[in-house]
>>> print(open('start_4.pdb').read())   # PDB, C-alpha atoms
ATOM      1  CA  MET A  11     -10.306 -20.974 -11.397
ATOM      2  CA  PHE A  12     -13.184 -19.635  -9.316
ATOM      3  CA  VAL A  13     -15.689 -22.412  -8.512
ATOM      4  CA  GLY A  14     -18.946 -21.611  -6.813
ATOM      5  CA  ASP A  15     -22.665 -21.086  -6.656
ATOM      6  CA  SER A  16     -24.814 -17.946  -6.810
ATOM      7  CA  MET A  17     -22.528 -16.117  -4.389
ATOM      8  CA  THR A  18     -19.668 -16.512  -6.871
ATOM      9  CA  ILE A  19     -21.324 -16.092 -10.249
ATOM     10  CA  GLY A  20     -23.195 -12.990  -9.086
ATOM     11  CA  SER A  21     -26.133 -11.388 -10.831
ATOM     12  CA  THR A  22     -26.776  -8.454 -13.138
ATOM     13  CA  GLY A  23     -25.200  -5.274 -11.794
ATOM     14  CA  ASP A  24     -22.810  -6.953  -9.332
ATOM     15  CA  PHE A  25     -19.081  -6.348  -9.114
ATOM     16  CA  THR A  26     -18.639  -9.931  -7.693
ATOM     17  CA  TRP A  27     -15.929 -11.093  -5.299
ATOM     18  CA  ARG A  28     -14.163 -12.488  -8.372
ATOM     19  CA  TYR A  29     -13.688  -8.910  -9.521
ATOM     20  CA  ARG A  30     -12.342  -7.943  -6.108
ATOM     21  CA  MET A  31      -9.842 -10.808  -6.252
ATOM     22  CA  TRP A  32      -8.746  -9.805  -9.753
ATOM     23  CA  GLN A  33      -8.094  -6.283  -8.502
ATOM     24  CA  HIS A  34      -6.179  -7.622  -5.516
ATOM     25  CA  LEU A  35      -3.953  -9.907  -7.592
ATOM     26  CA  ASN A  36      -3.182  -7.125 -10.035
ATOM     27  CA  ALA A  37      -2.149  -4.884  -7.164
ATOM     28  CA  THR A  38      -0.113  -7.364  -5.094
ATOM     29  CA  PHE A  39       0.988 -10.406  -7.111
ATOM     30  CA  ASP A  40       4.335 -10.123  -8.898
ATOM     31  CA  GLY A  41       4.130 -13.210 -11.085
ATOM     32  CA  PRO A  42       2.075 -13.726 -14.231
ATOM     33  CA  TYR A  43      -1.287 -15.406 -13.774
ATOM     34  CA  ARG A  44      -4.428 -16.215 -15.698
ATOM     35  CA  ILE A  45      -8.024 -16.514 -14.532
ATOM     36  CA  VAL A  46      -9.540 -19.500 -16.304
ATOM     37  CA  GLY A  47     -12.877 -21.245 -16.636
ATOM     38  CA  PRO A  48     -15.601 -22.154 -19.120
ATOM     39  CA  ARG A  49     -18.052 -19.390 -18.193
ATOM     40  CA  HIS A  50     -17.892 -15.598 -18.060
ATOM     41  CA  THR A  51     -21.404 -14.237 -17.533
ATOM     42  CA  LEU A  52     -23.549 -13.227 -14.580
ATOM     43  CA  HIS A  53     -26.953 -14.625 -13.658
ATOM     44  CA  ASP A  54     -29.818 -12.593 -15.109
ATOM     45  CA  PRO A  55     -32.716 -12.760 -12.607
ATOM     46  CA  VAL A  56     -35.222 -11.647 -15.243
ATOM     47  CA  GLU A  57     -34.327 -14.438 -17.655
ATOM     48  CA  GLY A  58     -33.457 -16.891 -14.909
ATOM     49  CA  ALA A  59     -30.257 -17.850 -16.715
ATOM     50  CA  ALA A  60     -26.565 -16.964 -16.869
ATOM     51  CA  THR A  61     -26.920 -14.566 -19.780
ATOM     52  CA  SER A  62     -25.892 -11.183 -18.383
ATOM     53  CA  SER A  63     -22.644  -9.365 -19.112
ATOM     54  CA  ALA A  64     -23.700  -6.276 -17.132
ATOM     55  CA  TYR A  65     -20.958  -6.201 -14.509
ATOM     56  CA  ALA A  66     -20.969  -3.126 -12.278
ATOM     57  CA  ASP A  67     -17.586  -2.201 -13.703
ATOM     58  CA  PRO A  68     -17.753  -2.479 -17.517
ATOM     59  CA  GLY A  69     -13.961  -2.239 -17.510
ATOM     60  CA  PHE A  70     -13.680  -5.697 -15.955
ATOM     61  CA  PRO A  71     -11.879  -7.383 -18.892
ATOM     62  CA  ASP A  72     -13.375 -10.400 -20.593
ATOM     63  CA  GLU A  73     -10.385 -12.632 -19.878
ATOM     64  CA  ALA A  74     -10.654 -11.925 -16.144
ATOM     65  CA  ARG A  75     -14.373 -12.773 -16.016
ATOM     66  CA  ARG A  76     -13.782 -16.510 -16.496
ATOM     67  CA  HIS A  77     -15.206 -18.862 -13.858
ATOM     68  CA  LEU A  78     -16.925 -22.156 -13.123
ATOM     69  CA  ALA A  79     -19.899 -20.990 -11.086
ATOM     70  CA  GLY A  80     -23.634 -21.290 -11.429
ATOM     71  CA  TRP A  81     -26.796 -20.104  -9.746
ATOM     72  CA  GLY A  82     -28.236 -23.114  -7.902
ATOM     73  CA  GLU A  83     -25.170 -25.311  -8.352
ATOM     74  CA  GLY A  84     -23.224 -27.034  -5.596
ATOM     75  CA  TRP A  85     -20.641 -29.717  -4.840
ATOM     76  CA  LEU A  86     -23.110 -32.237  -6.285
ATOM     77  CA  HIS A  87     -22.996 -30.495  -9.662
ATOM     78  CA  MET A  88     -19.327 -29.527  -9.764
ATOM     79  CA  ALA A  89     -17.800 -32.845  -8.700
ATOM     80  CA  PRO A  90     -18.595 -34.570 -12.030
ATOM     81  CA  LEU A  91     -17.393 -31.531 -14.028
ATOM     82  CA  ILE A  92     -14.185 -30.506 -12.362
ATOM     83  CA  GLY A  93     -11.825 -33.010 -13.967
ATOM     84  CA  ASP A  94     -12.725 -32.014 -17.508
ATOM     85  CA  MET A  95     -12.710 -28.319 -16.597
ATOM     86  CA  VAL A  96      -9.260 -28.506 -15.012
ATOM     87  CA  ARG A  97      -7.927 -30.426 -18.007
ATOM     88  CA  HIS A  98      -9.448 -28.166 -20.646
ATOM     89  CA  HIS A  99      -8.497 -24.892 -18.969
ATOM     90  CA  ASP A 100      -5.195 -25.994 -17.440
ATOM     91  CA  ALA A 101      -6.125 -24.796 -13.952
ATOM     92  CA  ASP A 102      -3.564 -25.216 -11.178
ATOM     93  CA  THR A 103      -5.335 -23.373  -8.326
ATOM     94  CA  LEU A 104      -9.013 -23.583  -7.375
ATOM     95  CA  LEU A 105     -10.844 -21.059  -5.193
ATOM     96  CA  VAL A 106     -14.036 -22.841  -4.156
ATOM     97  CA  SER A 107     -17.154 -21.575  -2.397
ATOM     98  CA  LEU A 108     -19.894 -24.219  -2.386
ATOM     99  CA  GLY A 109     -22.220 -26.082  -0.028
ATOM    100  CA  LEU A 110     -25.175 -23.864   0.770
ATOM    101  CA  ILE A 111     -27.198 -25.068  -2.208
ATOM    102  CA  ASP A 112     -26.351 -28.718  -1.542
ATOM    103  CA  LEU A 113     -27.540 -28.556   2.060
ATOM    104  CA  GLY A 114     -30.572 -26.504   1.175
ATOM    105  CA  PHE A 115     -31.912 -28.638  -1.653
ATOM    106  CA  TYR A 116     -29.965 -31.775  -2.526
ATOM    107  CA  THR A 117     -27.822 -33.576   0.058
ATOM    108  CA  ASN A 118     -27.272 -33.820   3.794
ATOM    109  CA  ALA A 119     -24.005 -32.877   5.457
ATOM    110  CA  GLU A 120     -22.418 -36.304   5.099
ATOM    111  CA  GLN A 121     -23.415 -36.682   1.455
ATOM    112  CA  THR A 122     -22.167 -33.185   0.698
ATOM    113  CA  ALA A 123     -18.826 -33.989   2.311
ATOM    114  CA  GLU A 124     -18.538 -37.087   0.141
ATOM    115  CA  ASN A 125     -19.046 -34.896  -2.912
ATOM    116  CA  VAL A 126     -16.200 -32.677  -1.698
ATOM    117  CA  ARG A 127     -13.947 -35.726  -1.744
ATOM    118  CA  ARG A 128     -15.198 -36.693  -5.212
ATOM    119  CA  PHE A 129     -14.444 -33.175  -6.390
ATOM    120  CA  VAL A 130     -10.871 -33.277  -5.072
ATOM    121  CA  ASP A 131     -10.292 -36.741  -6.534
ATOM    122  CA  GLY A 132     -11.623 -35.608  -9.915
ATOM    123  CA  ALA A 133      -9.369 -32.566 -10.027
ATOM    124  CA  ARG A 134      -6.305 -34.547  -8.973
ATOM    125  CA  GLU A 135      -6.930 -37.279 -11.501
ATOM    126  CA  VAL A 136      -6.001 -34.857 -14.268
ATOM    127  CA  ALA A 137      -3.771 -32.467 -12.285
ATOM    128  CA  PRO A 138      -1.988 -34.342  -9.465
ATOM    129  CA  HIS A 139      -0.332 -31.169  -8.147
ATOM    130  CA  ILE A 140      -3.412 -28.952  -8.105
ATOM    131  CA  ARG A 141      -3.988 -26.819  -5.033
ATOM    132  CA  ALA A 142      -7.240 -25.401  -3.687
ATOM    133  CA  VAL A 143      -8.719 -23.062  -1.112
ATOM    134  CA  LEU A 144     -12.118 -24.216   0.166
ATOM    135  CA  MET A 145     -14.590 -21.857   1.838
ATOM    136  CA  PRO A 146     -16.912 -23.223   4.524
ATOM    137  CA  VAL A 147     -20.612 -22.418   4.417
ATOM    138  CA  ILE A 148     -20.791 -18.934   5.892
ATOM    139  CA  PRO A 149     -23.607 -17.436   7.994
ATOM    140  CA  ASN A 150     -26.849 -16.867   6.114
ATOM    141  CA  VAL A 151     -30.412 -15.935   6.897
ATOM    142  CA  ARG A 152     -31.840 -19.447   6.492
ATOM    143  CA  ALA A 153     -29.427 -20.893   9.040
ATOM    144  CA  VAL A 154     -30.814 -18.390  11.549
ATOM    145  CA  ALA A 155     -34.478 -18.865  10.653
ATOM    146  CA  ASP A 156     -34.290 -22.668  10.381
ATOM    147  CA  PRO A 157     -32.350 -24.180  13.312
ATOM    148  CA  ALA A 158     -32.174 -27.618  11.684
ATOM    149  CA  PHE A 159     -30.563 -26.107   8.614
ATOM    150  CA  GLY A 160     -28.159 -24.203  10.826
ATOM    151  CA  VAL A 161     -27.123 -27.469  12.474
ATOM    152  CA  ALA A 162     -26.605 -29.050   9.030
ATOM    153  CA  CYS A 163     -24.345 -26.144   8.025
ATOM    154  CA  GLU A 164     -22.287 -26.526  11.200
ATOM    155  CA  ARG A 165     -21.996 -30.280  10.700
ATOM    156  CA  PHE A 166     -20.910 -29.885   7.088
ATOM    157  CA  ASN A 167     -18.277 -27.336   8.060
ATOM    158  CA  GLU A 168     -16.860 -29.831  10.563
ATOM    159  CA  LEU A 169     -16.752 -32.507   7.864
ATOM    160  CA  LEU A 170     -15.224 -30.082   5.372
ATOM    161  CA  ALA A 171     -12.429 -29.281   7.818
ATOM    162  CA  LYS A 172     -11.816 -32.993   8.276
ATOM    163  CA  ALA A 173     -11.761 -33.580   4.521
ATOM    164  CA  VAL A 174      -9.203 -30.808   4.050
ATOM    165  CA  ALA A 175      -7.027 -32.265   6.813
ATOM    166  CA  ASP A 176      -7.347 -35.798   5.432
ATOM    167  CA  LEU A 177      -6.803 -34.973   1.773
ATOM    168  CA  SER A 178      -4.198 -32.200   1.794
ATOM    169  CA  THR A 179      -0.727 -33.324   0.751
ATOM    170  CA  PRO A 180       2.565 -31.465   0.281
ATOM    171  CA  GLY A 181       2.309 -31.997  -3.467
ATOM    172  CA  SER A 182      -1.358 -31.004  -3.702
ATOM    173  CA  PRO A 183      -2.171 -28.731  -0.771
ATOM    174  CA  LEU A 184      -5.686 -27.871   0.330
ATOM    175  CA  LEU A 185      -6.510 -24.875   2.511
ATOM    176  CA  LEU A 186      -9.638 -24.283   4.555
ATOM    177  CA  ALA A 187     -10.427 -20.585   4.328
ATOM    178  CA  SER A 188     -11.596 -18.835   7.476
ATOM    179  CA  GLU A 189     -15.074 -17.410   7.701
ATOM    180  CA  PRO A 190     -14.674 -13.841   6.398
ATOM    181  CA  ASP A 191     -13.753 -11.450   9.198
ATOM    182  CA  GLY A 192     -16.671  -9.235  10.166
ATOM    183  CA  TRP A 193     -19.297 -11.166   8.196
ATOM    184  CA  GLU A 194     -22.657  -9.885   9.382
ATOM    185  CA  THR A 195     -25.554 -10.818   7.141
ATOM    186  CA  ASP A 196     -27.299  -7.455   7.438
ATOM    187  CA  ARG A 197     -24.239  -5.671   6.056
ATOM    188  CA  ALA A 198     -22.312  -8.340   4.142
ATOM    189  CA  THR A 199     -25.344  -9.455   2.093
ATOM    190  CA  TYR A 200     -28.167  -7.697   0.300
ATOM    191  CA  ASP A 201     -30.743 -10.416   0.952
ATOM    192  CA  GLY A 202     -29.398 -12.527   3.793
ATOM    193  CA  THR A 203     -27.303 -14.732   1.505
ATOM    194  CA  HIS A 204     -25.771 -13.039  -1.532
ATOM    195  CA  PRO A 205     -22.839 -10.687  -0.954
ATOM    196  CA  SER A 206     -23.227  -6.936  -1.003
ATOM    197  CA  GLU A 207     -20.293  -4.863  -2.219
ATOM    198  CA  TRP A 208     -18.929  -5.036   1.338
ATOM    199  CA  GLY A 209     -19.467  -8.808   1.412
ATOM    200  CA  GLU A 210     -17.623  -9.180  -1.900
ATOM    201  CA  ARG A 211     -14.605  -7.553  -0.293
ATOM    202  CA  LEU A 212     -14.842  -9.802   2.754
ATOM    203  CA  LEU A 213     -14.977 -12.940   0.604
ATOM    204  CA  ALA A 214     -12.042 -11.828  -1.513
ATOM    205  CA  GLY A 215     -10.179 -11.007   1.683
ATOM    206  CA  ALA A 216     -10.728 -14.473   3.123
ATOM    207  CA  PHE A 217      -9.390 -16.197   0.009
ATOM    208  CA  ALA A 218      -6.527 -13.743  -0.399
ATOM    209  CA  GLY A 219      -5.548 -14.106   3.240
ATOM    210  CA  ALA A 220      -5.412 -17.879   3.031
ATOM    211  CA  MET A 221      -3.254 -17.833  -0.105
ATOM    212  CA  HIS A 222      -0.902 -15.209   1.276
ATOM    213  CA  GLN A 223      -0.419 -16.893   4.644
ATOM    214  CA  ALA A 224       0.066 -20.416   3.303
ATOM    215  CA  TRP A 225       1.655 -19.888  -0.102
ATOM    216  CA  GLY A 226       3.035 -16.352  -0.076
ATOM    217  CA  VAL A 227       0.722 -15.267  -2.901
ATOM    218  CA  GLY A 228       0.242 -11.511  -3.111
ATOM    219  CA  ALA A 229      -0.210  -9.653   0.149
ATOM    220  CA  PRO A 230      -2.825  -9.219   2.867
ATOM    221  CA  TYR A 231      -6.041  -7.974   1.328
ATOM    222  CA  ASP A 232      -6.568  -4.226   1.198
ATOM    223  CA  GLY A 233     -10.262  -3.369   0.952
ATOM    224  CA  MET A 234      -9.397   0.075  -0.400
ATOM    225  CA  VAL A 235      -8.294  -1.419  -3.726
ATOM    226  CA  GLY A 236     -10.552  -0.615  -6.671
ATOM    227  CA  GLY A 237     -14.022   0.764  -7.212
ATOM    228  CA  GLY A 238     -17.390   0.287  -5.634
ATOM    229  CA  ALA A 239     -18.863   1.356  -2.326
ATOM    230  CA  GLY A 240     -17.037   0.691   0.897
ATOM    231  CA  GLY A 241     -13.688   2.288   0.010
ATOM    232  CA  GLY A 242     -11.593   3.673   2.803
ATOM    233  CA  ILE A 243     -11.666   0.530   4.936
ATOM    234  CA  THR A 244      -8.662  -1.743   5.093
ATOM    235  CA  LEU A 245      -9.086  -5.474   5.636
ATOM    236  CA  SER A 246      -5.893  -7.110   6.829
ATOM    237  CA  ARG A 247      -5.520 -10.719   7.828
TER     238      ARG A 247
END
>>> encode(input="start_4.pdb", output="structure tokens")
Amino acid sequence: MFVGDSMTIGSTGDFTWRYRMWQHLNATFDGPYRIVGPRHTLHDPVEGAATSSAYADPGFPDEARRHLAGWGEGWLHMAPLIGDMVRHHDADTLLVSLGLIDLGFYTNAEQTAENVRRFVDGAREVAPHIRAVLMPVIPNVRAVADPAFGVACERFNELLAKAVADLSTPGSPLLLASEPDGWETDRATYDGTHPSEWGERLLAGAFAGAMHQAWGVGAPYDGMVGGGAGGGITLSR
């Protein structure tokens, strides 16, 4: 189950990093798998709601579009939902990219870290053996323009790393994903925050690399897989 904010849900016309991960798993993972979640659409910036089905690749199948992501949603919003979502959709692995919205609008670093712990507790309450990969807040234009916000992002990432270390267990492992290799906001995003097609590949590569290294899932990410701009470059971790 993909869990995230605007960087994960994507907007009208995006491929999304979820699509890149689906391509990667199809190409490298031997076992059967399902992508699960209660939602399947993109954010429509005209309507200001998650009503768009206009993925850049119309061949992205409906069953692979499932997710739990929302424009403007963060750890604060997902922590109360995750237990029911894991139970209803029988999720056993969570790929999570959250935090920027929390720090920008709702909670400070310490409060956001507490919501991370609530999220993990909620998922484990219904699925004691669930595993998860958690992405830190990655570089963005506001962190550069607003030094205080940049400090908050750094502090949260420290607390997130501590939470992962504290909460991970052999029976329910947590992984802290690395910041995507080569993430430069002028190339990896189209507006300083949201991933470009290149950024989608970098995000997928960071999650794929963590799962391959720790759990033997799939293989190192190959950025040449699938459609969209940026082909011909290999990302190996």
>>> resolve_selection(input="start_4.pdb", expression="the PyMOL selection byres ((chain A and resi 99) around 8)", output="PyMOL selection string")
chain A and resi 46-48+95-98+100-101
>>> atom_distance(input="start_4.pdb", atom1="CA of Gly181 (chain A)", atom2="CA of Arg30 (chain A)")
28.3 Å
>>> resolve_selection(input="start_4.pdb", expression="the PyMOL selection byres ((chain A and resi 31) around 12)", output="number ranges by chain")
A: 11-12, 18, 25-30, 32-39, 45, 70, 74-75, 105, 210-219, 221, 227-233, 235-236
>>> atom_distance(input="start_4.pdb", atom1="CA of Asp112 (chain A)", atom2="CA of Ser182 (chain A)")
25.2 Å
>>> closest_residue(input="start_4.pdb", among="A:Ala66, A:Ala119, A:Leu184, A:Val154", to="Leu169 (chain A)", atoms="all atoms listed in the file")
A:Ala119
>>> closest_residue(input="start_4.pdb", among="A:Leu104, A:Ala155, A:Ala142, A:Ala133", to="Ala224 (chain A)", atoms="all atoms listed in the file")
A:Ala142
>>> resolve_selection(input="start_4.pdb", expression="the PyMOL selection byres ((chain A and resi 108) around 8)", output="VMD selection string")
chain A and resid 13 to 15 84 to 85 106 to 107 109 to 112 145 to 147
>>> closest_residue(input="start_4.pdb", among="A:Ile19, A:Ala89, A:Leu52, A:Ala59", to="Arg128 (chain A)", atoms="only C-alpha atoms")
A:Ala89
>>> atom_distance(input="start_4.pdb", atom1="CA of Glu73 (chain A)", atom2="CA of Thr22 (chain A)")
18.2 Å
>>> residues_near_point(input="start_4.pdb", point="(-9.9, -34.0, -13.7)", cutoff="6 Å", atoms="all atoms listed in the file", output="mmCIF file with C-alpha atoms, in the frame of the given file")
data_model
loop_
_atom_site.group_PDB
_atom_site.id
_atom_site.type_symbol
_atom_site.label_atom_id
_atom_site.label_comp_id
_atom_site.auth_asym_id
_atom_site.auth_seq_id
_atom_site.Cartn_x
_atom_site.Cartn_y
_atom_site.Cartn_z
ATOM 1 C CA ILE A 92 -14.185 -30.506 -12.362
ATOM 2 C CA GLY A 93 -11.825 -33.010 -13.967
ATOM 3 C CA ASP A 94 -12.725 -32.014 -17.508
ATOM 4 C CA VAL A 96 -9.260 -28.506 -15.012
ATOM 5 C CA ARG A 97 -7.927 -30.426 -18.007
ATOM 6 C CA GLY A 132 -11.623 -35.608 -9.915
ATOM 7 C CA ALA A 133 -9.369 -32.566 -10.027
ATOM 8 C CA ARG A 134 -6.305 -34.547 -8.973
ATOM 9 C CA GLU A 135 -6.930 -37.279 -11.501
ATOM 10 C CA VAL A 136 -6.001 -34.857 -14.268
#
>>> build_atoms(input="start_4.pdb", residues="region 11-28 of chain A", atoms="N, CA, C and O atoms", output="PDB file, keeping the file's coordinate frame")
ATOM      1  N   MET A  11      -8.921 -20.783 -10.987  1.00  0.00           N
ATOM      2  CA  MET A  11     -10.306 -20.974 -11.397  1.00  0.00           C
ATOM      3  C   MET A  11     -11.224 -20.774 -10.197  1.00  0.00           C
ATOM      4  O   MET A  11     -11.062 -21.414  -9.173  1.00  0.00           O
ATOM      5  N   PHE A  12     -12.175 -19.851 -10.335  1.00  0.00           N
ATOM      6  CA  PHE A  12     -13.184 -19.635  -9.316  1.00  0.00           C
ATOM      7  C   PHE A  12     -14.297 -20.672  -9.511  1.00  0.00           C
ATOM      8  O   PHE A  12     -14.860 -20.778 -10.607  1.00  0.00           O
ATOM      9  N   VAL A  13     -14.643 -21.402  -8.447  1.00  0.00           N
ATOM     10  CA  VAL A  13     -15.689 -22.412  -8.512  1.00  0.00           C
ATOM     11  C   VAL A  13     -16.716 -22.089  -7.438  1.00  0.00           C
ATOM     12  O   VAL A  13     -16.361 -21.941  -6.257  1.00  0.00           O
ATOM     13  N   GLY A  14     -17.982 -21.971  -7.835  1.00  0.00           N
ATOM     14  CA  GLY A  14     -18.946 -21.611  -6.813  1.00  0.00           C
ATOM     15  C   GLY A  14     -20.379 -21.634  -7.287  1.00  0.00           C
ATOM     16  O   GLY A  14     -20.704 -22.077  -8.384  1.00  0.00           O
ATOM     17  N   ASP A  15     -21.225 -21.119  -6.407  1.00  0.00           N
ATOM     18  CA  ASP A  15     -22.665 -21.086  -6.656  1.00  0.00           C
ATOM     19  C   ASP A  15     -23.096 -19.648  -6.940  1.00  0.00           C
ATOM     20  O   ASP A  15     -22.339 -18.873  -7.529  1.00  0.00           O
ATOM     21  N   SER A  16     -24.299 -19.283  -6.501  1.00  0.00           N
ATOM     22  CA  SER A  16     -24.814 -17.946  -6.810  1.00  0.00           C
ATOM     23  C   SER A  16     -24.001 -16.837  -6.161  1.00  0.00           C
ATOM     24  O   SER A  16     -23.955 -15.712  -6.673  1.00  0.00           O
ATOM     25  N   MET A  17     -23.344 -17.129  -5.044  1.00  0.00           N
ATOM     26  CA  MET A  17     -22.528 -16.117  -4.389  1.00  0.00           C
ATOM     27  C   MET A  17     -21.285 -15.790  -5.208  1.00  0.00           C
ATOM     28  O   MET A  17     -20.681 -14.725  -5.033  1.00  0.00           O
ATOM     29  N   THR A  18     -20.882 -16.691  -6.064  1.00  0.00           N
ATOM     30  CA  THR A  18     -19.668 -16.512  -6.871  1.00  0.00           C
ATOM     31  C   THR A  18     -19.975 -16.021  -8.274  1.00  0.00           C
ATOM     32  O   THR A  18     -19.283 -15.148  -8.801  1.00  0.00           O
ATOM     33  N   ILE A  19     -20.998 -16.572  -8.903  1.00  0.00           N
ATOM     34  CA  ILE A  19     -21.324 -16.092 -10.249  1.00  0.00           C
ATOM     35  C   ILE A  19     -21.831 -14.662 -10.188  1.00  0.00           C
ATOM     36  O   ILE A  19     -21.493 -13.842 -11.042  1.00  0.00           O
ATOM     37  N   GLY A  20     -22.622 -14.321  -9.164  1.00  0.00           N
ATOM     38  CA  GLY A  20     -23.195 -12.990  -9.086  1.00  0.00           C
ATOM     39  C   GLY A  20     -24.341 -12.805 -10.065  1.00  0.00           C
ATOM     40  O   GLY A  20     -24.609 -13.667 -10.909  1.00  0.00           O
ATOM     41  N   SER A  21     -25.016 -11.677  -9.936  1.00  0.00           N
ATOM     42  CA  SER A  21     -26.133 -11.388 -10.831  1.00  0.00           C
ATOM     43  C   SER A  21     -25.990 -10.001 -11.446  1.00  0.00           C
ATOM     44  O   SER A  21     -25.094  -9.231 -11.069  1.00  0.00           O
ATOM     45  N   THR A  22     -26.847  -9.697 -12.376  1.00  0.00           N
ATOM     46  CA  THR A  22     -26.776  -8.454 -13.138  1.00  0.00           C
ATOM     47  C   THR A  22     -26.538  -7.246 -12.225  1.00  0.00           C
ATOM     48  O   THR A  22     -27.256  -7.048 -11.247  1.00  0.00           O
ATOM     49  N   GLY A  23     -25.509  -6.477 -12.547  1.00  0.00           N
ATOM     50  CA  GLY A  23     -25.200  -5.274 -11.794  1.00  0.00           C
ATOM     51  C   GLY A  23     -24.211  -5.453 -10.660  1.00  0.00           C
ATOM     52  O   GLY A  23     -23.808  -4.470 -10.033  1.00  0.00           O
ATOM     53  N   ASP A  24     -23.785  -6.699 -10.395  1.00  0.00           N
ATOM     54  CA  ASP A  24     -22.810  -6.953  -9.332  1.00  0.00           C
ATOM     55  C   ASP A  24     -21.387  -6.676  -9.807  1.00  0.00           C
ATOM     56  O   ASP A  24     -21.068  -6.823 -10.993  1.00  0.00           O
ATOM     57  N   PHE A  25     -20.515  -6.323  -8.856  1.00  0.00           N
ATOM     58  CA  PHE A  25     -19.081  -6.348  -9.114  1.00  0.00           C
ATOM     59  C   PHE A  25     -18.594  -7.794  -9.064  1.00  0.00           C
ATOM     60  O   PHE A  25     -17.842  -8.240  -9.919  1.00  0.00           O
ATOM     61  N   THR A  26     -19.011  -8.560  -8.058  1.00  0.00           N
ATOM     62  CA  THR A  26     -18.639  -9.931  -7.693  1.00  0.00           C
ATOM     63  C   THR A  26     -17.335  -9.938  -6.895  1.00  0.00           C
ATOM     64  O   THR A  26     -16.474  -9.070  -7.068  1.00  0.00           O
ATOM     65  N   TRP A  27     -17.190 -10.963  -6.037  1.00  0.00           N
ATOM     66  CA  TRP A  27     -15.929 -11.093  -5.299  1.00  0.00           C
ATOM     67  C   TRP A  27     -14.818 -11.556  -6.232  1.00  0.00           C
ATOM     68  O   TRP A  27     -13.639 -11.324  -5.951  1.00  0.00           O
ATOM     69  N   ARG A  28     -15.182 -12.128  -7.377  1.00  0.00           N
ATOM     70  CA  ARG A  28     -14.163 -12.488  -8.372  1.00  0.00           C
ATOM     71  C   ARG A  28     -13.460 -11.230  -8.878  1.00  0.00           C
ATOM     72  O   ARG A  28     -12.234 -11.220  -9.080  1.00  0.00           O
TER      73      ARG A  28
END
